[in-house]
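Participant: Here you go, input06.cif (mmCIF, C-alpha atoms and all ligand atoms):
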data_structure
#
loop_
_atom_site.label_atom_id
_atom_site.label_comp_id
_atom_site.auth_asym_id
_atom_site.auth_seq_id
_atom_site.Cartn_x
_atom_site.Cartn_y
_atom_site.Cartn_z
CA MET A 1 -87.08 30.76 -23.40
CA ALA A 2 -83.87 29.75 -25.07
CA GLY A 3 -83.83 26.02 -25.29
CA GLY A 4 -83.19 22.91 -27.24
CA ASN A 5 -79.67 22.13 -28.13
CA ARG A 6 -77.93 25.45 -27.74
CA ALA A 7 -75.53 24.10 -25.15
CA ARG A 8 -74.46 21.37 -27.50
CA GLU A 9 -73.53 23.93 -30.12
CA ARG A 10 -71.09 25.76 -27.92
CA GLY A 11 -68.26 23.43 -28.80
CA TYR A 12 -67.67 21.18 -25.85
CA ASP A 13 -65.48 18.36 -27.00
CA GLU A 14 -68.02 15.87 -28.21
CA ASP A 15 -65.43 13.12 -28.19
CA ASP A 16 -64.92 13.49 -24.48
CA VAL A 17 -68.34 13.98 -23.06
CA ARG A 18 -71.62 13.54 -24.79
CA SER A 19 -75.07 13.77 -23.42
CA ARG A 20 -78.09 12.01 -24.72
CA ALA A 21 -80.42 13.96 -26.96
CA ASN A 22 -83.26 11.46 -26.71
CA PRO A 23 -82.81 9.49 -23.54
CA ARG A 24 -84.83 6.34 -23.66
CA GLY A 25 -87.97 6.58 -21.60
CA THR A 26 -87.55 10.22 -20.67
CA ARG A 27 -89.64 11.80 -23.40
CA PRO A 28 -93.23 11.73 -22.31
CA ARG A 29 -95.33 12.47 -25.32
CA SER A 30 -98.12 14.96 -25.31
CA LYS A 31 -101.40 13.08 -25.40
CA GLN A 32 -103.39 16.17 -26.21
CA ARG A 33 -104.50 17.03 -29.69
CA PRO A 34 -104.52 20.75 -30.44
CA ALA A 35 -108.19 21.39 -29.68
CA HIS A 36 -107.48 25.09 -29.35
CA ALA A 37 -105.97 26.30 -32.59
CA ASP A 38 -105.94 29.82 -31.14
CA ALA A 39 -103.77 28.89 -28.14
CA LEU A 40 -100.65 31.01 -27.71
CA ASP A 41 -97.29 29.43 -26.93
CA GLY A 42 -95.86 30.03 -23.48
CA THR A 43 -93.28 28.70 -21.04
CA VAL A 44 -94.00 27.82 -17.43
CA PHE A 45 -91.56 29.66 -15.15
CA ALA A 46 -93.12 29.06 -11.73
CA VAL A 47 -95.68 26.75 -10.17
CA ASP A 48 -97.46 27.51 -6.92
CA ARG A 49 -100.32 25.41 -5.54
CA GLY A 50 -101.88 24.61 -8.88
CA ARG A 51 -101.36 28.09 -10.29
CA TYR A 52 -98.91 28.34 -13.13
CA SER A 53 -96.92 31.43 -14.05
CA VAL A 54 -96.44 31.37 -17.79
CA LEU A 55 -94.43 33.71 -19.96
CA VAL A 56 -96.46 34.42 -23.12
CA ASP A 57 -95.02 36.91 -25.61
CA GLY A 58 -93.06 38.60 -22.83
CA ILE A 59 -96.12 38.91 -20.56
CA GLU A 60 -96.32 37.07 -17.24
CA VAL A 61 -99.64 35.27 -17.29
CA THR A 62 -101.24 33.36 -14.41
CA ALA A 63 -102.97 30.22 -15.60
CA MET A 64 -104.84 27.17 -14.41
CA ARG A 65 -104.68 23.76 -15.96
CA ALA A 66 -107.63 23.07 -18.27
CA ARG A 67 -109.67 20.05 -17.25
CA GLU A 68 -109.15 18.51 -20.67
CA LEU A 69 -105.46 18.02 -19.85
CA GLY A 70 -106.53 15.12 -17.64
CA ARG A 71 -103.86 14.05 -15.19
CA ALA A 72 -101.02 15.83 -16.97
CA SER A 73 -99.34 18.41 -14.78
CA MET A 74 -96.77 20.96 -15.78
CA VAL A 75 -93.41 21.79 -14.28
CA VAL A 76 -91.05 24.74 -14.61
CA GLY A 77 -89.64 24.80 -18.12
CA ASP A 78 -92.64 23.21 -19.79
CA ARG A 79 -93.75 24.66 -23.09
CA VAL A 80 -97.51 24.99 -23.18
CA GLY A 81 -100.43 26.41 -25.13
CA VAL A 82 -102.54 29.00 -23.32
CA VAL A 83 -106.00 30.49 -23.97
CA GLY A 84 -108.12 33.05 -22.14
CA ASP A 85 -107.23 36.26 -20.35
CA MET A 86 -103.61 37.03 -21.10
CA SER A 87 -103.64 40.69 -20.14
CA GLY A 88 -101.30 40.04 -17.23
CA GLU A 89 -103.64 42.07 -14.98
CA PRO A 90 -103.67 41.05 -11.29
CA ASP A 91 -106.94 39.07 -11.41
CA ALA A 92 -106.56 37.71 -14.91
CA LEU A 93 -106.63 33.93 -15.17
CA ALA A 94 -105.79 32.03 -18.34
CA ARG A 95 -106.01 28.30 -19.07
CA ILE A 96 -103.29 25.91 -20.16
CA VAL A 97 -104.83 23.71 -22.84
CA ARG A 98 -101.76 21.98 -24.28
CA LEU A 99 -98.56 20.47 -22.92
CA ASP A 100 -95.78 20.13 -25.50
CA GLU A 101 -93.39 17.24 -25.74
CA ARG A 102 -90.36 17.69 -23.47
CA ASP A 103 -86.79 17.73 -24.80
CA THR A 104 -85.25 16.88 -21.43
CA VAL A 105 -86.55 15.87 -18.04
CA LEU A 106 -84.88 16.16 -14.63
CA ARG A 107 -86.34 14.01 -11.88
CA ARG A 108 -85.76 14.27 -8.21
CA THR A 109 -85.45 11.20 -6.04
CA ALA A 110 -88.25 9.78 -3.98
CA ASP A 111 -87.99 10.72 -0.32
CA ASP A 112 -89.79 10.23 2.99
CA ASN A 113 -92.49 12.73 2.07
CA ASP A 114 -93.11 11.38 -1.39
CA PRO A 115 -92.33 7.81 -2.48
CA HIS A 116 -92.34 8.66 -6.19
CA GLU A 117 -89.68 10.12 -8.42
CA ARG A 118 -91.06 13.39 -9.76
CA VAL A 119 -90.20 15.50 -12.73
CA ILE A 120 -88.97 18.81 -11.33
CA VAL A 121 -87.76 20.66 -14.42
CA ALA A 122 -88.45 20.22 -18.13
CA ASN A 123 -86.46 21.35 -21.15
CA ALA A 124 -83.31 22.42 -19.30
CA ASP A 125 -80.16 22.17 -21.38
CA GLN A 126 -77.52 22.74 -18.70
CA LEU A 127 -77.10 21.48 -15.15
CA VAL A 128 -74.91 23.85 -13.13
CA ILE A 129 -73.52 21.84 -10.23
CA VAL A 130 -72.65 24.43 -7.61
CA SER A 131 -70.05 23.24 -5.14
CA ALA A 132 -68.18 25.31 -2.58
CA LEU A 133 -64.42 24.75 -2.31
CA ALA A 134 -64.71 25.09 1.47
CA ASP A 135 -67.36 25.78 4.10
CA PRO A 136 -68.81 23.30 3.14
CA GLY A 137 -66.14 21.46 1.16
CA PRO A 138 -66.98 19.60 -2.06
CA SER A 139 -69.26 16.58 -1.84
CA TYR A 140 -67.91 14.30 -4.55
CA GLY A 141 -70.79 11.87 -4.16
CA LEU A 142 -73.33 14.57 -4.93
CA ILE A 143 -71.28 15.95 -7.81
CA ASP A 144 -70.98 12.47 -9.33
CA ARG A 145 -74.70 11.86 -9.03
CA CYS A 146 -75.49 15.20 -10.60
CA ILE A 147 -73.19 14.44 -13.52
CA VAL A 148 -74.91 11.08 -14.04
CA ALA A 149 -78.33 12.74 -13.91
CA ALA A 150 -77.25 15.34 -16.45
CA LEU A 151 -75.61 12.95 -18.90
CA ALA A 152 -78.53 10.53 -18.73
CA ALA A 153 -81.05 13.32 -19.31
CA GLY A 154 -79.23 14.86 -22.27
CA ILE A 155 -78.28 17.95 -20.29
CA GLU A 156 -74.78 19.45 -20.29
CA PRO A 157 -73.15 19.37 -16.86
CA LEU A 158 -71.16 22.41 -15.71
CA LEU A 159 -69.19 22.60 -12.47
CA CYS A 160 -69.39 25.93 -10.68
CA LEU A 161 -66.82 26.01 -7.90
CA THR A 162 -67.60 28.78 -5.43
CA LYS A 163 -65.78 30.37 -2.47
CA SER A 164 -62.40 30.30 -4.21
CA ASP A 165 -61.30 32.87 -1.63
CA LEU A 166 -61.26 30.01 0.89
CA ALA A 167 -59.54 27.14 -0.97
CA SER A 168 -57.88 26.18 -4.25
CA PRO A 169 -60.05 24.65 -6.98
CA ASP A 170 -57.18 22.52 -8.33
CA PRO A 171 -58.02 19.17 -6.63
CA VAL A 172 -61.64 19.33 -7.81
CA ILE A 173 -60.70 20.35 -11.33
CA GLU A 174 -58.15 17.54 -11.46
CA ARG A 175 -60.66 14.98 -10.23
CA TYR A 176 -63.14 15.81 -12.99
CA SER A 177 -60.71 16.45 -15.83
CA PRO A 178 -61.02 12.90 -17.29
CA LEU A 179 -64.73 13.59 -17.76
CA SER A 180 -64.08 16.91 -19.53
CA VAL A 181 -66.91 18.48 -17.59
CA PRO A 182 -66.26 22.21 -17.89
CA ALA A 183 -65.62 24.09 -14.64
CA VAL A 184 -65.86 27.75 -13.70
CA VAL A 185 -64.41 29.16 -10.48
CA THR A 186 -66.12 32.00 -8.63
CA HIS A 187 -66.03 33.92 -5.38
CA ARG A 188 -68.45 36.40 -3.87
CA GLY A 189 -68.00 39.81 -5.42
CA GLY A 190 -65.66 38.45 -8.08
CA PRO A 191 -66.09 38.51 -11.86
CA LEU A 192 -68.79 36.34 -13.38
CA ASP A 193 -67.97 36.78 -17.07
CA GLU A 194 -66.98 33.17 -17.59
CA LEU A 195 -70.10 31.86 -15.88
CA ARG A 196 -72.24 34.28 -17.85
CA GLY A 197 -70.67 32.96 -21.03
CA HIS A 198 -71.85 29.47 -20.14
CA LEU A 199 -75.32 30.65 -19.15
CA ALA A 200 -75.96 32.66 -22.31
CA GLU A 201 -78.69 31.27 -24.56
CA SER A 202 -79.25 28.33 -22.23
CA VAL A 203 -81.79 27.10 -19.76
CA SER A 204 -79.64 26.24 -16.75
CA VAL A 205 -80.67 24.45 -13.59
CA LEU A 206 -78.65 25.28 -10.46
CA VAL A 207 -78.16 22.50 -7.93
CA GLY A 208 -76.00 22.08 -4.87
CA HIS A 209 -76.04 21.62 -1.13
CA SER A 210 -77.43 24.36 1.03
CA GLY A 211 -74.76 26.90 1.91
CA VAL A 212 -72.61 26.51 -1.20
CA GLY A 213 -73.52 29.99 -2.45
CA LYS A 214 -76.32 29.44 -4.98
CA SER A 215 -78.42 32.36 -3.79
CA THR A 216 -75.36 34.59 -3.66
CA LEU A 217 -74.66 33.69 -7.28
CA ILE A 218 -78.23 34.21 -8.40
CA ASN A 219 -78.42 37.59 -6.74
CA ALA A 220 -75.24 38.65 -8.55
CA LEU A 221 -76.58 37.38 -11.87
CA VAL A 222 -80.16 38.58 -11.44
CA PRO A 223 -80.21 41.48 -8.97
CA SER A 224 -84.01 41.68 -9.05
CA ALA A 225 -84.25 38.06 -7.88
CA ASP A 226 -83.60 38.98 -4.25
CA ARG A 227 -82.98 35.40 -3.19
CA ALA A 228 -82.38 35.09 0.53
CA THR A 229 -78.82 34.11 1.42
CA GLY A 230 -77.16 32.65 4.47
CA VAL A 231 -79.15 30.98 7.21
CA VAL A 232 -82.85 30.60 6.52
CA SER A 233 -83.59 33.67 8.59
CA ALA A 234 -85.50 35.35 5.79
CA ILE A 235 -88.36 32.85 5.76
CA GLY A 236 -91.60 34.68 6.39
CA LYS A 237 -90.31 37.96 5.09
CA GLY A 238 -91.94 37.40 1.76
CA ARG A 239 -88.85 36.46 -0.14
CA HIS A 240 -88.44 33.38 -2.28
CA THR A 241 -87.23 31.07 0.44
CA SER A 242 -89.85 28.38 -0.03
CA SER A 243 -89.16 25.07 -1.66
CA SER A 244 -90.58 26.27 -4.96
CA VAL A 245 -88.66 25.87 -8.18
CA VAL A 246 -88.42 29.17 -10.01
CA ALA A 247 -86.99 30.12 -13.39
CA LEU A 248 -85.34 33.53 -13.52
CA ARG A 249 -84.58 35.38 -16.69
CA LEU A 250 -80.98 36.52 -17.17
CA PRO A 251 -80.86 40.10 -18.29
CA ASP A 252 -79.07 40.53 -21.62
CA LEU A 253 -78.04 36.89 -21.91
CA ASP A 254 -81.12 35.37 -23.53
CA GLY A 255 -80.90 32.71 -20.88
CA TRP A 256 -82.65 31.38 -17.81
CA VAL A 257 -81.43 30.07 -14.49
CA ILE A 258 -83.68 27.74 -12.58
CA ASP A 259 -83.19 27.66 -8.83
CA THR A 260 -84.13 24.40 -7.16
CA PRO A 261 -84.08 25.04 -3.43
CA GLY A 262 -84.47 21.90 -1.42
CA VAL A 263 -83.53 19.55 -4.24
CA ARG A 264 -80.60 17.57 -2.93
CA SER A 265 -80.47 14.75 -5.36
CA PHE A 266 -81.83 13.52 -8.63
CA GLY A 267 -83.67 10.34 -9.33
CA LEU A 268 -81.27 7.92 -10.93
CA ALA A 269 -83.25 4.69 -10.55
CA HIS A 270 -84.09 4.79 -14.25
CA VAL A 271 -80.48 5.28 -15.40
CA THR A 272 -78.90 2.10 -16.77
CA ALA A 273 -75.23 1.36 -17.41
CA ASP A 274 -75.96 1.61 -21.13
CA ASP A 275 -77.55 5.04 -20.70
CA LEU A 276 -74.34 6.22 -19.12
CA LEU A 277 -72.12 4.49 -21.70
CA TRP A 278 -73.77 6.63 -24.32
CA ALA A 279 -71.94 9.60 -22.83
CA PHE A 280 -68.61 7.81 -23.36
CA PRO A 281 -68.31 7.27 -27.10
CA ASP A 282 -64.69 6.15 -26.66
CA LEU A 283 -65.87 3.21 -24.53
CA GLU A 284 -69.24 2.47 -26.08
CA ASP A 285 -67.95 0.37 -28.98
CA GLY A 286 -65.76 -1.70 -26.67
CA ALA A 287 -68.76 -2.57 -24.55
CA THR A 288 -70.40 -4.31 -27.50
CA GLN A 289 -67.88 -7.13 -26.92
CA CYS A 290 -68.78 -7.56 -23.24
CA LEU A 291 -70.74 -10.59 -22.08
CA SER A 292 -74.43 -9.81 -22.44
CA GLY A 293 -75.84 -8.19 -19.33
CA CYS A 294 -72.38 -6.90 -18.31
CA GLU A 295 -72.62 -4.10 -15.78
CA HIS A 296 -69.07 -2.93 -16.70
CA VAL A 297 -67.96 -2.42 -13.10
CA ALA A 298 -64.33 -3.11 -12.16
CA GLY A 299 -63.67 -6.86 -12.09
CA ALA A 300 -66.98 -7.80 -13.75
CA PRO A 301 -66.36 -11.18 -15.41
CA GLY A 302 -66.53 -10.88 -19.18
CA CYS A 303 -66.20 -7.10 -19.21
CA HIS A 304 -64.24 -6.19 -22.32
CA LEU A 305 -63.58 -2.57 -21.36
CA ASP A 306 -60.19 -3.22 -19.70
CA ALA A 307 -58.95 -4.97 -22.85
CA TRP A 308 -60.45 -2.16 -24.94
CA VAL A 309 -58.41 0.39 -23.04
CA ALA A 310 -55.29 -1.80 -23.24
CA GLN A 311 -55.75 -1.76 -27.04
CA GLY A 312 -55.48 2.03 -26.91
CA HIS A 313 -59.09 2.98 -27.73
CA SER A 314 -59.41 5.00 -24.55
CA THR A 315 -57.45 5.64 -21.37
CA ALA A 316 -57.40 4.07 -17.92
CA GLN A 317 -58.45 7.45 -16.49
CA ARG A 318 -61.52 7.58 -18.69
CA LEU A 319 -62.52 4.04 -17.78
CA ALA A 320 -62.00 4.78 -14.10
CA ALA A 321 -64.09 7.95 -14.42
CA PHE A 322 -66.87 6.02 -16.16
CA ARG A 323 -66.84 3.35 -13.46
CA GLN A 324 -66.82 5.96 -10.72
CA LEU A 325 -70.03 7.41 -12.15
CA LEU A 326 -71.50 3.91 -12.55
CA VAL A 327 -71.17 3.11 -8.87
CA SER A 328 -72.36 6.55 -7.77
CA ARG A 329 -75.88 5.86 -9.06
N1 LIG B 401 -66.19 33.15 1.83
C1 LIG B 401 -67.20 33.14 0.97
N2 LIG B 401 -68.46 33.03 1.43
C2 LIG B 401 -69.46 32.99 0.54
C3 LIG B 401 -69.23 33.05 -0.86
N3 LIG B 401 -70.42 32.96 -1.50
C4 LIG B 401 -71.37 32.85 -0.54
N4 LIG B 401 -70.80 32.88 0.69
C5 LIG B 401 -71.50 32.79 1.99
O1 LIG B 401 -71.95 31.43 2.17
C6 LIG B 401 -73.20 31.43 2.85
C7 LIG B 401 -74.24 30.65 2.06
O2 LIG B 401 -74.51 31.34 0.84
P1 LIG B 401 -75.91 31.22 0.07
O3 LIG B 401 -75.80 32.02 -1.18
O4 LIG B 401 -77.04 31.52 0.98
O5 LIG B 401 -75.91 29.66 -0.24
P2 LIG B 401 -77.10 28.72 -0.78
O6 LIG B 401 -77.64 28.03 0.44
O7 LIG B 401 -76.45 27.76 -1.71
O8 LIG B 401 -78.12 29.57 -1.45
C8 LIG B 401 -73.59 32.88 3.06
O9 LIG B 401 -73.21 33.25 4.36
C9 LIG B 401 -72.76 33.61 2.02
O10 LIG B 401 -72.48 34.92 2.41
C10 LIG B 401 -67.86 33.19 -1.32
O11 LIG B 401 -67.54 33.25 -2.50
N5 LIG B 401 -66.90 33.20 -0.35
MG MG B 402 -80.17 29.65 -1.10
ZN ZN B 403 -68.58 -4.59 -19.67
#
Could you take the file, read its structure, and then write that structure out as structure tokens?

Facilitator:
Amino acid sequence: MAGGNRARERGYDEDDVRSRANPRGTRPRSKQRPAHADALDGTVFAVDRGRYSVLVDGIEVTAMRARELGRASMVVGDRVGVVGDMSGEPDALARIVRLDERDTVLRRTADDNDPHERVIVANADQLVIVSALADPGPSYGLIDRCIVAALAAGIEPLLCLTKSDLASPDPVIERYSPLSVPAVVTHRGGPLDELRGHLAESVSVLVGHSGVGKSTLINALVPSADRATGVVSAIGKGRHTSSSVVALRLPDLDGWVIDTPGVRSFGLAHVTADDLLWAFPDLEDGATQCLSGCEHVAGAPGCHLDAWVAQGHSTAQRLAAFRQLLVSR
């Protein structure tokens, strides 16, 4: 799996938007010592009821978690060590004996079914925020929250604006231009070269409301994926319509897309104002002169950021964009 910091090397303007390489508190360390020196390296690309699908040297291996891993559980994107039967034959079962340290972690929010934030994807380096331009129209609240989640996790955000046959992308692009989050515009059946360029050599997680066109995109990018589109009519026909997170390899691009059906929002409870400031290097230094404990929101007493902007270190648009993200958490 391509991974690590490839996205950061593609030349986004680091002065405008920066994501955190080592977000505080989001790097669980592997507790396991390498007991199995013979373990082969693999990457988890699907998880289903305690069975892990792991890509090991190009072979899709089914594996269980070794008891010695204790309570550790793996998610899609995890890099692991595997021993045992790696023939890839139908009944073959290998064992995961090591969980490697994660570069990035995406959490989903707690919900009615599960009161805990859970890690849903590890080691992604790009969050593709898929938003339709119409039917349904853009949800700015969701886009903002996704951008916060990405920046705080050290993952590059990318806006993918779909259904451009129905409405102009200009208002959305204008709204996000102060953040310098890159945007690509697509429509069904249209060219995908620009999107492919962004997906190359990256591990990208696709998120967005139901109906925005994620499955349509994935099917165009990975024809063998056969993701069900439209209404959920295909459930029960054996296609991937369940709530499982699956990583799909992109032919020829040395990249992966991770589909996250059913994930509507990311856990942001752990994201502090300072975590987010880190993504705004033009504001970060100004904040050192705020009253201690300043939350930096508009009108906060003792917030130095307005004066900092007035001194020409940044712009009012950038400060407004930062504060918009702050309150979207
Ligand atoms: N007009 C238009 N409709 C689209 C486009 N892309 C997808 N759709 C339709 O939007 C609906 C939802 O698409 P789907 O890919 O299932 O969305 P998902 O729920 O995000 O996976 C389907 O009826 C698609 O045919 C597009 O570019 N333009
Ligand atoms: Mg879908
Ligand atoms: Zn402040």

Participant: How would you report the residues lying within 6 Å of ligand ZN 403 (chain B), as a list in words, if you count all atoms listed in the file?

Facilitator: Ala287, Cys290, Cys294, Glu295, His296, Cys303, His304 and Leu305 of chain A

Participant: Just write the chosen residues, C-alpha atoms, as a compact mmCIF listing (two decimals), keeping the file's coordinate frame.

Facilitator:
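Saved file result-v2.txt follows:
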# COMPACT_ATOMS: atom_id res chain seq x y z
CA ALA A 287 -68.76 -2.57 -24.55
CA CYS A 290 -68.78 -7.56 -23.24
CA CYS A 294 -72.38 -6.90 -18.31
CA GLU A 295 -72.62 -4.10 -15.78
CA HIS A 296 -69.07 -2.93 -16.70
CA CYS A 303 -66.20 -7.10 -19.21
CA HIS A 304 -64.24 -6.19 -22.32
CA LEU A 305 -63.58 -2.57 -21.36

Participant: Give me, please, the distance in Å between CA of Val54 (chain A) and CA of Ser215 (chain A), quoted to one decimal.

Facilitator: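 Taking CA of Val54 (chain A) as the start and CA of Ser215 (chain A) as the end point, the length is 22.8 Å.
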
Participant: Within 8 Å of ligand LIG 401 (chain B), which residues show up when you count all atoms listed in the file? List them as an MDAnalysis selection string, please.

Facilitator: chainID A and resid 130 132 135 162:166 186:190 208:218 227:231 261

Participant: So which one's closest to ligand MG 402 (chain B), A:Leu221, A:Val309, A:Leu206, A:Leu326? Using all atoms listed in the file, please.

Facilitator: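 Distance minimum relative to ligand MG 402 (chain B) lands on A:Leu206.
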
Participant: Please tell me which residues are no farther than 8 Å from (-71.4, 9.8, -18.5) in the file, counting only C-alpha atoms, and write them as a list in words.

Facilitator: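 Here is the list of nearby residues: Val17, Arg18, Ser19, Ile147, Val148, Leu151, Ala152, Leu179, Leu276, Leu277, Trp278, Ala279, Phe280, Phe322 and Leu325 of chain A.
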
Participant: Using Å and a single decimal, report how far CA of Ala66 (chain A) sits from CA of Arg49 (chain A).

Facilitator: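 Value for the CA of Arg49 (chain A)-CA of Ala66 (chain A) distance: 14.9 Å.
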
Participant: Would you please work out which residue, of A:Val207, A:Ala298, A:Val271, A:Val121, is nearest to ligand MG 402 (chain B) when using all atoms listed in the file?

Facilitator: A:Val207

Participant: When you count only C-alpha atoms and all ligand atoms, which of these residues is closest to ligand MG 402 (chain B): A:Val263, A:Ala316, A:Leu99, A:Ala37?

Facilitator: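 That would be A:Val263, the residue with the smallest distance to ligand MG 402 (chain B).
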
Participant: How many Å lie between CA of Ala63 (chain A) and CA of Val222 (chain A), rounded to one decimal?

Facilitator: 24.6 Å

Participant: List the spatial neighbours of region 169-174 of chain A as a ChimeraX atom specification - criterion: any atom at most 12 Å away, all atoms listed in the file, same-chain residues fewer than 5 positions off excluded.

Facilitator: /A:131-134,137-140,143-144,158-164,179-187,317,321

Participant: Pick from A:Gln289, A:Thr272, A:Asn123, A:Asn219: nearest to ligand MG 402 (chain B), with all atoms listed in the file counted?

Facilitator: A:Asn219

Participant: Closest to Val119 (chain A) among A:Val75, A:Leu93, A:Leu283, A:Ile155, using all atoms listed in the file?

Facilitator: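 Checking each of A:Val75, A:Leu93, A:Leu283, A:Ile155 against Val119 (chain A), counting all atoms listed in the file, the winner is A:Val75.
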
Participant: Can you work out which one of A:His313, A:Gly302, A:Ser244, A:Ala307 has the shortest atom-to-atom distance to ligand MG 402 (chain B), counting all atoms listed in the file?

Facilitator: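 Between A:His313, A:Gly302, A:Ser244, A:Ala307, the residue approaching ligand MG 402 (chain B) most closely is A:Ser244.
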
Participant: Within 10 Å of (-107.0, 30.8, -31.2) (coordinates as in the file), grab all the protein and nucleic acid residues, counting all atoms listed in the file, and write them out as number ranges by chain.

Facilitator: A: 35-40, 81-84

Participant: How big is the axis-aligned box, and where does its centre sit, when it encloses all atoms of region 53-59 of chain A listed in the file and has 3 Å added on every side, reported in Å to one decimal as lines of an AutoDock Vina configuration file?

Facilitator:
center_x = -95.0
center_y = 35.1
center_z = -19.8
size_x = 9.9
size_y = 13.5
size_z = 17.6

Participant: Neighbours of Leu127 (chain A) within 7 Å (all atoms listed in the file; same-chain residues fewer than 2 positions away dropped), as a list of chain:residue names?

Facilitator: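 In the requested form, the answer reads A:Asp125, A:Ile129, A:Ala150, A:Ile155, A:Glu156, A:Pro157, A:Leu158, A:Ser204, A:Val205, A:Leu206.
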
Participant: Could you give me, as a PDB file with C-alpha atoms, keeping the file's coordinate frame, the residues within 8 Å of Leu199 (chain A), counting only C-alpha atoms and dropping anything in the same chain fewer than 3 positions from it?

Facilitator:
ATOM      1  CA  LEU A 195     -70.100  31.860 -15.880  1.00  0.00           C
ATOM      2  CA  ARG A 196     -72.240  34.280 -17.850  1.00  0.00           C
ATOM      3  CA  SER A 202     -79.250  28.330 -22.230  1.00  0.00           C
ATOM      4  CA  VAL A 203     -81.790  27.100 -19.760  1.00  0.00           C
ATOM      5  CA  SER A 204     -79.640  26.240 -16.750  1.00  0.00           C
ATOM      6  CA  LEU A 253     -78.040  36.890 -21.910  1.00  0.00           C
ATOM      7  CA  GLY A 255     -80.900  32.710 -20.880  1.00  0.00           C
ATOM      8  CA  TRP A 256     -82.650  31.380 -17.810  1.00  0.00           C
ATOM      9  CA  VAL A 257     -81.430  30.070 -14.490  1.00  0.00           C
TER      10      VAL A 257
END

Participant: Near Glu117 (chain A), counting only C-alpha atoms, which residues have an atom at most 8 Å away, once you skip same-chain residues fewer than 4 positions from it, shown as number ranges by chain?

Facilitator: A: 107-110, 267

Participant: Could you model N, CA and C atoms for region 256-268 of chain A and present them as a PDB file, in the coordinates of the input?

Facilitator:
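Wrote it out as part05.pdb, contents follow:
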ATOM      1  N   TRP A 256     -81.873  31.550 -19.034  1.00  0.00           N
ATOM      2  CA  TRP A 256     -82.650  31.380 -17.810  1.00  0.00           C
ATOM      3  C   TRP A 256     -81.820  30.602 -16.804  1.00  0.00           C
ATOM      4  N   VAL A 257     -81.941  30.957 -15.530  1.00  0.00           N
ATOM      5  CA  VAL A 257     -81.430  30.070 -14.490  1.00  0.00           C
ATOM      6  C   VAL A 257     -82.621  29.589 -13.670  1.00  0.00           C
ATOM      7  N   ILE A 258     -82.603  28.332 -13.367  1.00  0.00           N
ATOM      8  CA  ILE A 258     -83.680  27.740 -12.580  1.00  0.00           C
ATOM      9  C   ILE A 258     -83.108  27.327 -11.235  1.00  0.00           C
ATOM     10  N   ASP A 259     -83.642  27.942 -10.197  1.00  0.00           N
ATOM     11  CA  ASP A 259     -83.190  27.660  -8.830  1.00  0.00           C
ATOM     12  C   ASP A 259     -84.044  26.512  -8.291  1.00  0.00           C
ATOM     13  N   THR A 260     -83.403  25.558  -7.672  1.00  0.00           N
ATOM     14  CA  THR A 260     -84.130  24.400  -7.160  1.00  0.00           C
ATOM     15  C   THR A 260     -83.871  24.230  -5.676  1.00  0.00           C
ATOM     16  N   PRO A 261     -84.362  25.157  -4.864  1.00  0.00           N
ATOM     17  CA  PRO A 261     -84.080  25.040  -3.430  1.00  0.00           C
ATOM     18  C   PRO A 261     -84.678  23.754  -2.894  1.00  0.00           C
ATOM     19  N   GLY A 262     -83.942  23.108  -2.031  1.00  0.00           N
ATOM     20  CA  GLY A 262     -84.470  21.900  -1.420  1.00  0.00           C
ATOM     21  C   GLY A 262     -84.264  20.631  -2.222  1.00  0.00           C
ATOM     22  N   VAL A 263     -83.794  20.755  -3.460  1.00  0.00           N
ATOM     23  CA  VAL A 263     -83.530  19.550  -4.240  1.00  0.00           C
ATOM     24  C   VAL A 263     -82.104  19.110  -3.985  1.00  0.00           C
ATOM     25  N   ARG A 264     -81.943  18.017  -3.274  1.00  0.00           N
ATOM     26  CA  ARG A 264     -80.600  17.570  -2.930  1.00  0.00           C
ATOM     27  C   ARG A 264     -80.075  16.522  -3.876  1.00  0.00           C
ATOM     28  N   SER A 265     -80.962  15.800  -4.499  1.00  0.00           N
ATOM     29  CA  SER A 265     -80.470  14.750  -5.360  1.00  0.00           C
ATOM     30  C   SER A 265     -81.469  14.449  -6.454  1.00  0.00           C
ATOM     31  N   PHE A 266     -80.972  13.838  -7.508  1.00  0.00           N
ATOM     32  CA  PHE A 266     -81.830  13.520  -8.630  1.00  0.00           C
ATOM     33  C   PHE A 266     -82.123  12.049  -8.687  1.00  0.00           C
ATOM     34  N   GLY A 267     -83.288  11.726  -9.176  1.00  0.00           N
ATOM     35  CA  GLY A 267     -83.670  10.340  -9.330  1.00  0.00           C
ATOM     36  C   GLY A 267     -82.821   9.662 -10.384  1.00  0.00           C
ATOM     37  N   LEU A 268     -82.140   8.614  -9.979  1.00  0.00           N
ATOM     38  CA  LEU A 268     -81.270   7.920 -10.930  1.00  0.00           C
ATOM     39  C   LEU A 268     -81.699   6.477 -11.111  1.00  0.00           C
TER      40      LEU A 268
END
